[in-house]
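As structure tokens, the structure follows; a few thoughts come after it.
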Amino acid sequence: MMRHLGLKPPHQSTAERDNLQADEWWLSDLARLLNMSTVTLYSWVRHGWVKARQQEPPSRRWIVWADSAEIERLRQRREQPIGAATRQHWLNYQKSRLLNSKRADLLTEYDSKIDVVEGMIDINSCN
């Protein structure tokens, strides 16, 4: 109550909010805005899905960068079913493996045709 009346200085975290740059959020505040747990948002930070930095000691709090477009992207990601991002990553990996396999098959086929043509040239040059 004394802080509310201005008789005590604000909490350190309240005073630090003024030090955030444009489009920077405390991890807990952004998680609250996105209606998600701080643990999940922190997990996204660890995976590199969210741009964030950690404050210098002693507080070491996480500061997340998110403009309006990034907030919308995070909301959409949040609305996806659990495992959707992992599934999409797996599908993309399988697709690239398939494409690489087809490329390898085509190169092998191409190389064998080149060998046949080169063999024909060698035979014709002998005559």
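In the structure tokens, each chain is lettered A, B, ... as it comes, each chain's residues begin at 1, and ligands are numbered from 1 in order of appearance.
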Once you count only C-alpha atoms, what closest atom pair and distance in Å to one decimal does each residue of range 61-105 of chain A within 7 Å of range 22-33 of chain A have, with rows by chain and rising residue number, as JSON lines?
```
{"residue": "A:Trp62", "atom": "CA", "partner": "A:Leu27", "partner_atom": "CA", "distance": 5.6}
{"residue": "A:Ile63", "atom": "CA", "partner": "A:Trp26", "partner_atom": "CA", "distance": 4.8}
{"residue": "A:Val64", "atom": "CA", "partner": "A:Trp25", "partner_atom": "CA", "distance": 5.1}
{"residue": "A:Trp65", "atom": "CA", "partner": "A:Glu24", "partner_atom": "CA", "distance": 4.5}
{"residue": "A:Ala66", "atom": "CA", "partner": "A:Asp23", "partner_atom": "CA", "distance": 5.3}
{"residue": "A:Asp67", "atom": "CA", "partner": "A:Asp23", "partner_atom": "CA", "distance": 5.0}
```
Selected residues written out, N, CA and C atoms, as a compact mmCIF listing (two decimals), in the first residue's frame:
```txt
# COMPACT_ATOMS: atom_id res chain seq x y z
N TRP A 62 15.08 -12.56 -18.59
CA TRP A 62 15.03 -12.68 -20.04
C TRP A 62 14.22 -11.53 -20.63
N ILE A 63 14.77 -10.94 -21.68
CA ILE A 63 14.11 -9.87 -22.43
C ILE A 63 13.86 -10.42 -23.83
N VAL A 64 12.62 -10.40 -24.26
CA VAL A 64 12.23 -10.96 -25.55
C VAL A 64 11.88 -9.82 -26.49
N TRP A 65 12.38 -9.90 -27.73
CA TRP A 65 12.03 -8.92 -28.74
C TRP A 65 10.80 -9.41 -29.47
N ALA A 66 9.80 -8.55 -29.61
CA ALA A 66 8.60 -8.93 -30.37
C ALA A 66 7.83 -7.67 -30.77
N ASP A 67 7.86 -7.36 -32.07
CA ASP A 67 7.01 -6.28 -32.57
C ASP A 67 5.62 -6.86 -32.84
```
Can you check which residues of chain A DSSP gives as strand (DSSP E or B) on the backbone and send them as a ChimeraX atom specification?
/A:24-26,52-54,62-65
Can you pull out every residue from chain A that DSSP, working from the backbone, puts in helix (DSSP H, G or I), and format the result as a VMD selection string?
chain A and resid 12 to 19 27 to 33 38 to 47 68 to 79 84 to 126
I need the residue nearest Leu74 in chain A from this list: A:Thr40, A:Gln88, A:Ser96, A:Ser59. Use only C-alpha atoms for the distance.
A:Thr40
Distance in Å - CA of Trp44 in chain A versus CA of Ser68 in chain A:
17.8 Å
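In this comparison, which uses only C-alpha atoms, the residue of A:Arg53, A:Arg46, A:His89, A:Arg103 approaching Leu20 in chain A most closely is A:Arg53.
Distance-wise, CA of Gln55 in chain A and CA of Asn19 in chain A end up 10.9 Å apart.
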